[in-house]
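What follows is final_22.txt (compact mmCIF, C-alpha atoms and all ligand atoms).
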# COMPACT_ATOMS: atom_id res chain seq x y z
CA MET A 1124 -44.25 -31.65 -31.76
CA ASN A 1125 -45.17 -28.31 -33.28
CA GLY A 1126 -44.34 -29.58 -36.75
CA SER A 1127 -40.60 -29.82 -36.10
CA LEU A 1128 -37.99 -32.51 -35.61
CA GLY A 1129 -36.68 -31.11 -32.40
CA ARG A 1130 -36.89 -28.46 -29.74
CA HIS A 1131 -33.80 -26.50 -28.88
CA ILE A 1132 -33.77 -24.23 -25.89
CA LEU A 1133 -30.98 -21.75 -25.36
CA VAL A 1134 -30.64 -20.67 -21.80
CA GLU A 1135 -28.77 -17.87 -20.06
CA LEU A 1136 -28.43 -18.44 -16.32
CA TYR A 1137 -27.28 -15.32 -14.44
CA ASP A 1138 -26.09 -14.71 -10.92
CA CYS A 1139 -25.63 -18.40 -10.16
CA ASN A 1140 -23.87 -20.04 -7.23
CA GLU A 1141 -20.21 -19.49 -8.05
CA GLU A 1142 -18.95 -22.57 -6.17
CA VAL A 1143 -21.21 -24.83 -8.17
CA LEU A 1144 -20.12 -23.23 -11.44
CA ARG A 1145 -16.51 -24.11 -10.62
CA ASP A 1146 -17.27 -27.68 -9.71
CA VAL A 1147 -17.05 -30.23 -12.46
CA VAL A 1148 -18.56 -33.00 -10.34
CA ASP A 1149 -21.60 -30.99 -9.27
CA ILE A 1150 -22.17 -29.67 -12.77
CA GLU A 1151 -21.98 -33.11 -14.32
CA ASN A 1152 -24.33 -34.58 -11.74
CA TYR A 1153 -26.86 -31.79 -12.18
CA MET A 1154 -26.75 -32.11 -15.96
CA LEU A 1155 -27.26 -35.88 -15.73
CA GLU A 1156 -30.10 -35.43 -13.28
CA ALA A 1157 -31.67 -32.75 -15.49
CA ALA A 1158 -31.66 -35.23 -18.36
CA LYS A 1159 -33.22 -37.91 -16.19
CA GLN A 1160 -35.90 -35.57 -14.86
CA ALA A 1161 -36.87 -34.83 -18.45
CA ASP A 1162 -37.12 -38.57 -19.07
CA ALA A 1163 -34.24 -38.63 -21.51
CA THR A 1164 -32.10 -41.70 -22.09
CA ILE A 1165 -28.48 -40.92 -21.25
CA ILE A 1166 -25.80 -42.24 -23.59
CA ASN A 1167 -22.71 -40.58 -22.22
CA SER A 1168 -21.30 -37.48 -20.65
CA THR A 1169 -18.05 -35.59 -20.98
CA PHE A 1170 -17.15 -32.89 -18.52
CA HIS A 1171 -14.00 -30.92 -18.02
CA HIS A 1172 -12.65 -27.95 -16.22
CA PHE A 1173 -11.41 -25.46 -18.70
CA SER A 1174 -8.95 -22.69 -18.32
CA PRO A 1175 -8.90 -20.83 -16.05
CA PHE A 1176 -11.99 -21.52 -13.94
CA GLY A 1177 -15.13 -22.82 -15.60
CA VAL A 1178 -16.63 -26.13 -16.55
CA SER A 1179 -17.66 -27.34 -19.98
CA GLY A 1180 -19.60 -30.44 -20.63
CA VAL A 1181 -22.14 -32.28 -22.64
CA VAL A 1182 -24.58 -35.04 -21.87
CA VAL A 1183 -25.44 -37.00 -24.97
CA ILE A 1184 -28.94 -38.40 -24.77
CA GLN A 1185 -30.68 -40.74 -27.14
CA GLU A 1186 -32.91 -37.78 -27.95
CA SER A 1187 -29.96 -35.41 -28.66
CA HIS A 1188 -27.97 -33.45 -26.01
CA LEU A 1189 -27.63 -31.08 -23.08
CA ALA A 1190 -24.57 -28.83 -23.04
CA ILE A 1191 -23.22 -26.29 -20.59
CA HIS A 1192 -20.38 -23.78 -20.30
CA THR A 1193 -19.87 -21.96 -17.04
CA TRP A 1194 -18.09 -18.70 -16.24
CA PRO A 1195 -17.83 -18.58 -12.44
CA GLU A 1196 -16.13 -15.19 -12.60
CA TYR A 1197 -19.38 -13.82 -14.11
CA ARG A 1198 -21.62 -16.19 -12.08
CA TYR A 1199 -22.99 -17.13 -15.49
CA ALA A 1200 -23.78 -20.35 -17.31
CA ALA A 1201 -24.78 -20.88 -20.93
CA VAL A 1202 -26.88 -23.98 -21.42
CA ASP A 1203 -28.44 -25.53 -24.45
CA ILE A 1204 -30.86 -28.37 -24.40
CA TYR A 1205 -31.87 -30.03 -27.61
CA THR A 1206 -34.44 -32.77 -27.66
CA CYS A 1207 -35.90 -34.67 -30.59
CA GLY A 1208 -39.20 -36.42 -30.56
CA SER A 1209 -42.34 -35.59 -28.64
CA LEU A 1210 -41.66 -37.50 -25.44
CA ILE A 1211 -39.10 -35.23 -23.84
CA ASN A 1212 -39.85 -31.79 -22.51
CA PRO A 1213 -36.64 -29.73 -22.41
CA TRP A 1214 -38.23 -27.20 -20.06
CA ILE A 1215 -38.22 -29.78 -17.27
CA ALA A 1216 -34.43 -29.96 -17.55
CA PHE A 1217 -34.31 -26.17 -17.65
CA ASP A 1218 -36.33 -25.82 -14.42
CA PHE A 1219 -34.11 -28.31 -12.66
CA LEU A 1220 -30.85 -26.61 -13.68
CA LYS A 1221 -32.14 -23.17 -12.83
CA GLU A 1222 -32.83 -24.35 -9.31
CA LYS A 1223 -29.61 -26.35 -8.81
CA LEU A 1224 -27.36 -23.56 -10.05
CA SER A 1225 -29.34 -21.09 -7.93
CA ALA A 1226 -29.74 -18.75 -10.89
CA LYS A 1227 -31.30 -15.48 -9.78
CA HIS A 1228 -32.17 -14.33 -13.31
CA VAL A 1229 -32.67 -16.30 -16.46
CA SER A 1230 -33.51 -15.78 -20.05
CA ALA A 1231 -34.35 -18.55 -22.43
CA MET A 1232 -35.67 -19.03 -25.92
CA GLU A 1233 -36.99 -22.01 -27.75
CA LEU A 1234 -36.19 -22.73 -31.35
CA LEU A 1235 -38.04 -25.29 -33.36
CA ARG A 1236 -35.39 -27.22 -35.21
CA GLY A 1237 -36.05 -28.91 -38.53
CA GLN A 1238 -39.45 -27.35 -39.27
CA LEU A 1239 -41.24 -29.97 -41.24
CA HIS A 1240 -43.00 -27.65 -43.63
CA LEU A 1241 -39.55 -26.53 -44.83
CA LEU A 1242 -38.12 -30.02 -45.21
CA PRO A 1243 -38.75 -32.07 -48.30
CA LYS A 1244 -38.87 -35.70 -47.31
CA PHE A 1245 -36.88 -38.20 -49.35
CA GLU A 1246 -37.65 -41.84 -49.74
CA TYR A 1247 -35.52 -43.83 -47.37
CA GLU A 1248 -35.17 -47.53 -47.98
CA ILE A 1249 -34.86 -48.61 -44.45
CA ASP A 1250 -34.40 -52.28 -45.37
CA LYS A 1251 -31.14 -51.50 -47.12
CA ILE A 1252 -29.50 -50.11 -43.98
CA PRO A 1253 -27.58 -52.84 -42.14
CA ALA A 1254 -29.30 -53.57 -38.87
CA THR A 1255 -27.38 -53.17 -35.65
CA ASN A 1256 -28.38 -54.62 -32.34
CA ALA A 1257 -25.67 -52.78 -30.48
CA LYS A 1258 -27.16 -50.99 -27.51
CA PRO A 1259 -25.65 -47.60 -26.73
CA VAL A 1260 -23.21 -47.90 -23.85
CA TYR A 1261 -23.63 -45.33 -21.14
CA GLU A 1262 -20.25 -43.81 -20.48
CA ARG A 1263 -19.20 -40.98 -18.19
CA ASN A 1264 -16.20 -38.91 -19.04
CA VAL A 1265 -15.47 -36.65 -16.11
CA TRP A 1266 -12.11 -35.15 -15.32
CA PHE A 1267 -10.38 -33.76 -12.29
CA THR A 1268 -7.90 -31.06 -13.23
CA GLU A 1269 -5.08 -29.74 -11.09
CA ARG A 1270 -4.53 -26.24 -12.32
CA ASN A 1271 -1.29 -24.37 -11.96
CA PRO A 1272 -0.90 -20.85 -13.30
CA ASN A 1273 0.07 -21.83 -16.84
CA ILE A 1274 -0.50 -25.54 -17.11
CA ALA A 1275 -2.97 -28.18 -16.01
CA PHE A 1276 -2.95 -31.90 -15.33
CA SER A 1277 -6.16 -33.89 -15.82
CA VAL A 1278 -7.19 -37.33 -14.67
CA ARG A 1279 -10.40 -39.05 -15.56
CA HIS A 1280 -12.54 -40.27 -12.68
CA THR A 1281 -15.84 -42.03 -12.21
CA GLY A 1282 -17.75 -38.80 -11.62
CA GLU A 1283 -18.66 -39.82 -8.06
CA MET A 1284 -17.44 -37.63 -5.26
CA LEU A 1285 -16.21 -40.09 -2.64
CA PHE A 1286 -15.40 -37.44 -0.08
CA ARG A 1287 -15.63 -33.69 0.09
CA GLU A 1288 -15.39 -31.66 3.25
CA THR A 1289 -13.86 -28.36 4.15
CA SER A 1290 -12.04 -27.83 7.42
CA GLN A 1291 -10.85 -24.56 8.91
CA TYR A 1292 -7.64 -25.17 6.97
CA GLN A 1293 -8.49 -26.61 3.58
CA LYS A 1294 -10.82 -28.48 1.27
CA VAL A 1295 -10.26 -32.24 1.28
CA GLU A 1296 -11.61 -34.37 -1.56
CA MET A 1297 -11.35 -37.95 -2.75
CA TYR A 1298 -12.03 -39.18 -6.29
CA ASP A 1299 -11.94 -42.61 -7.82
CA THR A 1300 -9.78 -42.26 -10.92
CA LEU A 1301 -9.64 -44.70 -13.79
CA GLU A 1302 -5.85 -44.90 -14.06
CA TYR A 1303 -4.58 -44.16 -10.55
CA GLY A 1304 -7.27 -45.52 -8.24
CA LYS A 1305 -8.41 -43.38 -5.32
CA MET A 1306 -6.91 -39.92 -5.37
CA LEU A 1307 -6.65 -37.59 -2.38
CA ILE A 1308 -6.91 -33.92 -3.25
CA ILE A 1309 -6.26 -30.99 -0.94
CA ASP A 1310 -7.23 -27.52 -2.09
CA GLY A 1311 -7.35 -28.70 -5.69
CA LYS A 1312 -3.87 -30.32 -5.63
CA VAL A 1313 -3.11 -34.02 -5.91
CA MET A 1314 -1.67 -35.36 -2.67
CA THR A 1315 -1.53 -39.06 -3.28
CA THR A 1316 -3.05 -41.83 -5.34
CA GLU A 1317 -3.38 -45.54 -4.75
CA ARG A 1318 -1.30 -46.39 -7.77
CA ASP A 1319 1.76 -44.18 -7.45
CA GLU A 1320 1.84 -43.42 -3.71
CA PHE A 1321 4.55 -45.99 -3.19
CA VAL A 1322 7.15 -43.96 -5.06
CA TYR A 1323 6.70 -40.85 -2.94
CA HIS A 1324 6.32 -42.68 0.37
CA GLU A 1325 9.22 -45.09 -0.15
CA ALA A 1326 11.41 -42.24 -1.35
CA ILE A 1327 10.72 -39.93 1.57
CA SER A 1328 10.97 -42.73 4.17
CA HIS A 1329 13.53 -45.35 3.19
CA VAL A 1330 16.22 -43.05 1.80
CA PRO A 1331 16.72 -41.31 5.18
CA CYS A 1332 16.00 -44.41 7.30
CA LEU A 1333 18.56 -46.51 5.45
CA SER A 1334 21.07 -43.67 5.52
CA HIS A 1335 20.87 -43.63 9.33
CA PRO A 1336 22.81 -46.32 11.25
CA LYS A 1337 19.89 -47.14 13.60
CA PRO A 1338 16.79 -44.92 13.60
CA GLU A 1339 14.69 -45.33 16.72
CA LYS A 1340 12.64 -42.21 17.32
CA VAL A 1341 11.05 -40.58 14.31
CA LEU A 1342 8.94 -37.45 14.04
CA VAL A 1343 6.70 -36.90 11.00
CA ILE A 1344 5.02 -33.59 10.28
CA GLY A 1345 2.00 -33.72 7.97
CA ALA A 1346 1.41 -37.07 6.24
CA GLY A 1347 -2.20 -37.44 7.41
CA ASP A 1348 -2.88 -40.01 4.70
CA GLY A 1349 -0.70 -42.53 6.55
CA GLY A 1350 1.55 -43.38 3.60
CA VAL A 1351 4.79 -42.36 5.31
CA VAL A 1352 3.94 -44.14 8.54
CA THR A 1353 3.14 -47.32 6.63
CA GLN A 1354 6.65 -47.31 5.19
CA LEU A 1355 8.36 -46.30 8.45
CA LEU A 1356 6.77 -49.21 10.31
CA LYS A 1357 8.79 -51.57 8.11
CA HIS A 1358 11.93 -50.49 9.98
CA GLU A 1359 12.22 -52.73 13.03
CA SER A 1360 14.69 -50.44 14.78
CA ILE A 1361 12.06 -47.69 14.95
CA SER A 1362 10.36 -47.94 18.31
CA LYS A 1363 8.27 -44.78 18.14
CA ILE A 1364 6.82 -42.69 15.35
CA THR A 1365 5.23 -39.43 16.39
CA ILE A 1366 3.10 -38.03 13.62
CA VAL A 1367 1.69 -34.53 13.82
CA GLU A 1368 -1.04 -33.72 11.31
CA ILE A 1369 -2.83 -30.41 11.62
CA ASP A 1370 -6.04 -31.43 9.88
CA GLU A 1371 -8.22 -34.23 11.18
CA LEU A 1372 -10.15 -34.22 7.91
CA VAL A 1373 -7.18 -35.59 5.98
CA ILE A 1374 -7.01 -38.50 8.40
CA LYS A 1375 -10.75 -39.05 8.19
CA ALA A 1376 -10.82 -39.10 4.38
CA SER A 1377 -7.82 -41.44 4.28
CA ARG A 1378 -9.19 -43.81 6.90
CA LEU A 1379 -12.38 -44.07 4.86
CA HIS A 1380 -10.88 -44.42 1.41
CA LEU A 1381 -7.17 -45.24 1.72
CA PRO A 1382 -7.19 -47.79 4.55
CA GLN A 1383 -4.13 -49.56 3.17
CA MET A 1384 -2.18 -46.46 4.22
CA ALA A 1385 -4.23 -44.97 7.03
CA ASN A 1386 -4.70 -48.16 9.04
CA SER A 1387 -1.07 -47.88 10.08
CA PHE A 1388 -2.09 -45.10 12.48
CA ASP A 1389 -3.49 -47.81 14.75
CA ASN A 1390 -0.10 -49.48 15.22
CA PRO A 1391 1.07 -49.28 18.87
CA ARG A 1392 4.40 -47.80 17.77
CA VAL A 1393 2.56 -44.81 16.31
CA ASP A 1394 1.63 -41.73 18.33
CA LEU A 1395 -0.80 -39.79 16.14
CA ARG A 1396 -1.46 -36.19 17.14
CA VAL A 1397 -3.84 -33.78 15.51
CA GLU A 1398 -2.12 -30.47 16.14
CA ASP A 1399 -0.02 -27.81 14.54
CA GLY A 1400 3.33 -29.28 13.47
CA ILE A 1401 5.04 -25.90 13.57
CA ALA A 1402 4.14 -25.35 17.22
CA PHE A 1403 4.99 -28.96 18.02
CA VAL A 1404 8.49 -28.59 16.62
CA LYS A 1405 8.95 -25.27 18.38
CA ASN A 1406 8.09 -26.78 21.75
CA ALA A 1407 9.90 -30.10 21.35
CA PRO A 1408 12.99 -30.69 23.52
CA ASN A 1409 16.51 -30.51 22.05
CA GLU A 1410 18.15 -33.58 20.49
CA THR A 1411 15.10 -35.87 20.69
CA TYR A 1412 14.70 -37.49 17.26
CA ASP A 1413 16.86 -39.67 15.04
CA ILE A 1414 14.84 -38.70 12.00
CA VAL A 1415 12.42 -35.89 11.25
CA LEU A 1416 10.36 -36.07 8.06
CA VAL A 1417 8.19 -33.31 6.68
CA ASP A 1418 5.50 -34.55 4.32
CA SER A 1419 3.57 -31.35 3.79
CA THR A 1420 1.21 -29.90 1.24
CA ASP A 1421 2.61 -27.31 -1.16
CA PRO A 1422 3.47 -23.85 0.20
CA GLY A 1423 0.41 -21.74 0.84
CA GLY A 1424 -2.46 -22.74 3.12
CA PRO A 1425 -1.65 -24.34 6.47
CA SER A 1426 1.82 -25.47 5.35
CA GLU A 1427 3.09 -21.93 4.79
CA GLY A 1428 5.16 -21.83 8.01
CA ILE A 1429 6.69 -25.18 7.12
CA PHE A 1430 8.87 -23.64 4.46
CA THR A 1431 10.48 -21.08 6.78
CA GLU A 1432 13.94 -20.75 8.27
CA ASP A 1433 12.54 -20.73 11.82
CA PHE A 1434 10.88 -24.07 11.33
CA TYR A 1435 13.98 -25.73 9.89
CA ARG A 1436 16.13 -24.25 12.66
CA ASN A 1437 13.90 -25.89 15.25
CA ILE A 1438 14.09 -29.18 13.39
CA HIS A 1439 17.88 -28.97 13.48
CA ARG A 1440 17.70 -28.32 17.23
CA ILE A 1441 15.41 -31.28 18.02
CA LEU A 1442 17.46 -33.78 15.98
CA LYS A 1443 19.94 -35.96 17.86
CA PRO A 1444 23.60 -35.23 17.00
CA ASN A 1445 23.59 -37.85 14.23
CA GLY A 1446 20.02 -37.10 13.18
CA ILE A 1447 18.64 -36.79 9.67
CA PHE A 1448 15.97 -34.46 8.32
CA THR A 1449 14.16 -35.08 5.05
CA ASN A 1450 11.33 -33.17 3.43
CA GLN A 1451 9.40 -32.95 0.21
CA SER A 1452 10.91 -29.95 -1.52
CA GLU A 1453 8.59 -29.34 -4.48
CA SER A 1454 9.41 -29.75 -8.16
CA PRO A 1455 12.37 -28.41 -10.12
CA TRP A 1456 9.92 -27.73 -12.97
CA TYR A 1457 7.20 -25.89 -11.08
CA ASN A 1458 7.75 -23.33 -8.39
CA THR A 1459 11.42 -23.31 -9.27
CA GLU A 1460 12.03 -20.35 -6.99
CA VAL A 1461 10.49 -22.19 -4.06
CA TYR A 1462 12.51 -25.26 -4.95
CA SER A 1463 15.81 -23.33 -4.92
CA GLU A 1464 14.84 -21.32 -1.86
CA ILE A 1465 14.02 -24.38 0.27
CA PHE A 1466 17.48 -25.71 -0.50
CA ALA A 1467 19.16 -22.38 0.23
CA VAL A 1468 17.49 -22.18 3.65
CA MET A 1469 18.53 -25.73 4.49
CA ASN A 1470 22.08 -24.94 3.45
CA ARG A 1471 22.17 -22.04 5.87
CA ILE A 1472 21.02 -24.23 8.75
CA PHE A 1473 22.64 -27.62 8.14
CA GLY A 1474 25.65 -26.44 6.16
CA LYS A 1475 26.20 -26.80 2.41
CA THR A 1476 27.89 -30.18 2.47
CA ASN A 1477 25.21 -31.70 4.69
CA CYS A 1478 22.27 -31.06 2.35
CA HIS A 1479 21.59 -33.71 -0.26
CA PRO A 1480 18.78 -33.05 -2.72
CA TYR A 1481 17.25 -36.00 -4.52
CA LEU A 1482 14.54 -36.69 -7.07
CA ALA A 1483 11.85 -39.25 -7.80
CA ASN A 1484 9.30 -39.69 -10.54
CA ILE A 1485 5.74 -39.25 -9.30
CA PRO A 1486 3.45 -39.18 -12.33
CA THR A 1487 0.48 -37.51 -10.67
CA TYR A 1488 2.42 -34.51 -9.33
CA PRO A 1489 2.94 -31.48 -11.57
CA SER A 1490 5.63 -32.31 -14.15
CA GLY A 1491 6.02 -35.84 -12.75
CA LEU A 1492 9.40 -35.05 -11.22
CA TRP A 1493 9.48 -34.38 -7.51
CA GLY A 1494 12.17 -33.12 -5.17
CA PHE A 1495 13.24 -34.17 -1.69
CA CYS A 1496 16.12 -33.04 0.42
CA LEU A 1497 18.01 -35.07 3.02
CA CYS A 1498 20.04 -33.09 5.57
CA SER A 1499 22.33 -34.68 8.10
CA LYS A 1500 23.35 -33.02 11.31
CA ASN A 1501 26.76 -34.65 11.69
CA GLY A 1502 28.02 -34.74 8.12
CA LEU A 1503 26.85 -38.26 7.30
CA ASN A 1504 26.77 -38.72 3.53
CA PRO A 1505 23.71 -40.73 2.41
CA VAL A 1506 25.48 -42.16 -0.62
CA LYS A 1507 28.92 -42.94 0.78
CA ASP A 1508 27.93 -43.92 4.30
CA PHE A 1509 24.92 -46.13 3.80
CA ASP A 1510 24.95 -49.87 4.40
CA VAL A 1511 24.39 -51.41 0.98
CA GLU A 1512 23.79 -54.93 2.25
CA LYS A 1513 21.24 -53.74 4.77
CA ALA A 1514 19.41 -51.75 2.07
CA LYS A 1515 19.42 -54.79 -0.22
CA ASN A 1516 18.02 -57.12 2.42
CA PHE A 1517 15.44 -54.60 3.52
CA THR A 1518 14.24 -54.20 -0.06
CA LEU A 1519 13.85 -57.93 -0.53
CA GLN A 1520 12.29 -58.55 2.85
CA HIS A 1521 9.57 -55.96 2.25
CA LYS A 1522 9.18 -56.51 -1.50
CA LEU A 1523 9.51 -52.78 -2.07
CA LYS A 1524 8.25 -51.41 -5.34
CA PHE A 1525 10.42 -48.32 -5.68
CA TYR A 1526 13.34 -48.33 -3.30
CA ASN A 1527 16.39 -50.58 -3.66
CA GLU A 1528 20.10 -50.17 -2.92
CA GLU A 1529 20.76 -48.82 -6.42
CA ILE A 1530 17.89 -46.37 -6.30
CA HIS A 1531 19.32 -45.19 -2.98
CA ARG A 1532 22.39 -44.00 -4.84
CA SER A 1533 20.82 -42.96 -8.11
CA VAL A 1534 18.17 -40.63 -6.69
CA PHE A 1535 20.96 -38.27 -5.65
CA VAL A 1536 22.26 -37.98 -9.22
CA LEU A 1537 20.99 -34.63 -10.46
CA PRO A 1538 20.63 -33.44 -14.03
CA ASN A 1539 22.52 -30.26 -14.85
CA TYR A 1540 19.44 -28.05 -15.01
CA VAL A 1541 18.61 -29.05 -11.43
CA ARG A 1542 22.20 -28.49 -10.28
CA GLU A 1543 22.00 -25.04 -11.76
CA LEU A 1544 18.85 -24.25 -9.82
CA LEU A 1545 20.42 -25.38 -6.58
CA TYR A 1546 24.08 -24.48 -6.83
CA LYS A 1547 24.01 -21.35 -8.98
N1 LIG B 1 2.13 -31.15 -5.10
C1 LIG B 1 2.10 -32.26 -4.26
C2 LIG B 1 2.93 -32.17 -3.02
C3 LIG B 1 2.41 -33.13 -2.04
C4 LIG B 1 3.29 -33.47 -0.97
N2 LIG B 1 2.71 -34.25 0.09
C5 LIG B 1 1.82 -35.24 -0.30
C6 LIG B 1 1.31 -36.08 0.80
C7 LIG B 1 1.53 -37.51 0.55
N3 LIG B 1 1.61 -38.27 1.73

Starting from the file, give its structure as structure tokens.
Ligand code: SPD
Amino acid sequence: MNGSLGRHILVELYDCNEEVLRDVVDIENYMLEAAKQADATIINSTFHHFSPFGVSGVVVIQESHLAIHTWPEYRYAAVDIYTCGSLINPWIAFDFLKEKLSAKHVSAMELLRGQLHLLPKFEYEIDKIPATNAKPVYERNVWFTERNPNIAFSVRHTGEMLFRETSQYQKVEMYDTLEYGKMLIIDGKVMTTERDEFVYHEAISHVPCLSHPKPEKVLVIGAGDGGVVTQLLKHESISKITIVEIDELVIKASRLHLPQMANSFDNPRVDLRVEDGIAFVKNAPNETYDIVLVDSTDPGGPSEGIFTEDFYRNIHRILKPNGIFTNQSESPWYNTEVYSEIFAVMNRIFGKTNCHPYLANIPTYPSGLWGFCLCSKNGLNPVKDFDVEKAKNFTLQHKLKFYNEEIHRSVFVLPNYVRELLYK
């Protein structure tokens, strides 16, 4: 033990793998494994993304701690490993981390902490300290963070990566969160969670379907998690749902981890196509669909063309004369320009009085308040013209958790700050 209470090694890891340095799950797992390799007893771990890119975390071990801070923009990580007692060799943890972070250069120094020849020892009456049999509980504290330019939203998860693959379009991940259940992430943004998916999916599906007198043919663009289709299948009048999802990986991740939504793809009324929704809409014949829904990711990435005038014009063309179009239209708190612009484009195509923005509370989306817009081709008004009794019965029959006949009306009531964004 070199005559000290503990060994503290301070490590500089240079020129590391940048992807790993950005990844809270990988970093936590490597730090835990480093502790295990050194034969330490893990008590708990806390890991977090911190602004704007890196990861910070600490693994508390019975013999002290391992801590890390990463700076992906410098490909650099600062690590300290402190071990007490003679049984743990901190250099084993060091070797492991150096390899896992692919550090090309390192520097490290060892400090002997609590040098015994400098420490007077006091009498300690051990019998007078109340005994505790409580065993330390191993707890992981790992967080997924959705980062927007000036604000972030964090959710704690188990630390296990249930799914992570990258397609030619995007990175698809699945976490198991403590509050919201399984959570589907695309390119670092929350798409849906087991606990609050019903709000989004009922809102985007039942509001248009129950505004329409008798929807039969429905086209859905995006929605590869299956949440929208699950809701649409509740409408008996719908004989065919064509769903066009560009990325097979979203379907794969959802089939594996969100079967309660994704199993609906196997229903015979569903025609699932893995292709580009923009091209599909462009090539679809005129006046084909009663309802078109767009359940896309946020602008940017493969959904970029989904927020364009051309795309909406084609949707207008392929809707039947009394057809309805509804999309997710971002948040009035984030991306406010995009939010206003989507509405302005729809106004130009469907006409001002035929566009009806509405809102729903989705706690895991940035700000918690999310926008949708319902556009009718023939001037149908979703609030005045909907069949209240039908909506009521439908709600009861399917034991819906969000939608009811009153919600149908109330979602269209907009606060003044939202009106200002849309009607200024
Ligand atoms: N910022 C989140 C926007 C996500 C919209 N689509 C989610 C897919 C859910 N089926």

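The list of residues with at least one atom within 9 Å of Glu1339 in chain A, based on only C-alpha atoms and without residues fewer than 6 positions apart in the same chain, reads A:His1358, A:Glu1359, A:Ser1360, A:Ile1361, A:Ser1362, A:Lys1363, A:Ile1364, A:Tyr1412, A:Asp1413, A:Ile1414.
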
Proximity of chain A to ligand LIG 1 (chain B): per-residue shortest pair, 7 Å limit, all atoms listed in the file, as a tab-separated table:
residue	atom	partner	partner_atom	distance
A:Lys1312	CA	B:LIG1	N1	6.1
A:Val1313	CA	B:LIG1	C1	5.7
A:Met1314	CA	B:LIG1	C5	4.2
A:Thr1315	CA	B:LIG1	C7	5.1
A:His1324	CA	B:LIG1	N3	6.6
A:Ala1346	CA	B:LIG1	N3	4.7
A:Gly1347	CA	B:LIG1	N3	6.9
A:Asp1348	CA	B:LIG1	N3	5.7
A:Gly1349	CA	B:LIG1	N3	6.8
A:Gly1350	CA	B:LIG1	N3	5.4
A:Val1351	CA	B:LIG1	N3	6.3
A:Asp1418	CA	B:LIG1	N2	5.1
A:Ser1419	CA	B:LIG1	N2	4.8
A:Thr1420	CA	B:LIG1	C4	4.7
A:Asp1421	CA	B:LIG1	C2	5.2
A:Gln1451	CA	B:LIG1	C4	6.2
A:Glu1453	CA	B:LIG1	C2	6.5
A:Tyr1488	CA	B:LIG1	N1	5.4
A:Pro1489	CA	B:LIG1	N1	6.5

State, in Å with one decimal place, the distance from CA of Asn1409 in chain A to CA of Ile1438 in chain A. 9.1 Å

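Proximity ranking of A:Leu1416, A:Asn1516, A:Pro1382, A:Arg1318 relative to Ile1366 in chain A places A:Leu1416 first, based on only C-alpha atoms.
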
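At a cut-off of 12 Å from (24.0, -23.8, 4.8), the residue set is Glu1432, Tyr1435, Arg1436, His1439, Glu1464, Ile1465, Phe1466, Ala1467, Val1468, Met1469, Asn1470, Arg1471, Ile1472, Phe1473, Gly1474, Lys1475, Thr1476, Asn1477, Cys1478, His1479, Cys1498, Ser1499, Lys1500 and Tyr1546 of chain A (counting all atoms listed in the file).
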
Nearby residues (only C-alpha atoms) at most 10 Å from His1171 in chain A, same-chain spacing under 4 positions excluded, as a list in words: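 Skipping anything fewer than 4 positions along the chain leaves Asp1146, Val1147, Val1148, Ile1150, Glu1151, Gly1177, Val1178, Ser1179, Gly1180, Val1181, His1192, Asn1264, Val1265, Trp1266, Phe1267, Thr1268, Ser1277, Val1278 and Arg1279 of chain A.
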
Tell me which of A:Asp1218, A:Asp1138, A:Glu1288, A:Asp1250 sits closest to Gln1160 in chain A, counting all atoms listed in the file.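 Checking each of A:Asp1218, A:Asp1138, A:Glu1288, A:Asp1250 against Gln1160 in chain A, counting all atoms listed in the file, the winner is A:Asp1218.
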
Of A:Pro1486, A:Thr1411, A:Leu1242, A:Thr1169, the one sitting nearest Phe1276 in chain A when using only C-alpha atoms is A:Pro1486

Residues near Ala1226 in chain A, cut-off 9 Å, all atoms listed in the file, skip fewer than 4 positions along chain, as a PyMOL selection string: chain A and resi 1136-1140+1198-1200+1220-1222

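Across the model, the gap from CA of Pro1505 in chain A to CA of Glu1528 in chain A is 11.4 Å.
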
Can you work out the spacing between CA of Met1306 in chain A and CA of Val1183 in chain A in Å, to one decimal?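 Pair CA of Met1306 in chain A / CA of Val1183 in chain A returns 27.1 Å.
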
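For Ala1402 in chain A, the set of protein, DNA and RNA residues having any atom at most 12 Å away, when counting all atoms listed in the file and skipping those fewer than 5 positions along the same chain, is Ile1344, Val1367, Glu1368, Ile1369, Val1397, Ala1407, Gly1428, Ile1429, Asp1433, Phe1434, Asn1437 and Ile1438 of chain A.
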
Same residues, C-alpha atoms, saved as a short mmCIF file (atom, residue, chain, number, x, y, z; two decimals), keeping the file's coordinate frame:
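To be explicit, this is the file written out as result-v9.cif:
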data_model
loop_
_atom_site.label_atom_id
_atom_site.label_comp_id
_atom_site.auth_asym_id
_atom_site.auth_seq_id
_atom_site.Cartn_x
_atom_site.Cartn_y
_atom_site.Cartn_z
CA ILE A 1344 5.02 -33.59 10.28
CA VAL A 1367 1.69 -34.53 13.82
CA GLU A 1368 -1.04 -33.72 11.31
CA ILE A 1369 -2.83 -30.41 11.62
CA VAL A 1397 -3.84 -33.78 15.51
CA ALA A 1407 9.90 -30.10 21.35
CA GLY A 1428 5.16 -21.83 8.01
CA ILE A 1429 6.69 -25.18 7.12
CA ASP A 1433 12.54 -20.73 11.82
CA PHE A 1434 10.88 -24.07 11.33
CA ASN A 1437 13.90 -25.89 15.25
CA ILE A 1438 14.09 -29.18 13.39
#

Surrounding residues of Leu1503 in chain A excluding itself and chain neighbours under 5 positions, 9 Å, only C-alpha atoms, as a ChimeraX atom specification: /A:1334-1335,1445,1447,1477,1498,1508-1509

Around (-7.1, -41.2, -13.6) in the file's frame, which residues reach within 6 Å when counting all atoms listed in the file? Return as a PyMOL selection string? chain A and resi 1278-1280+1300-1303
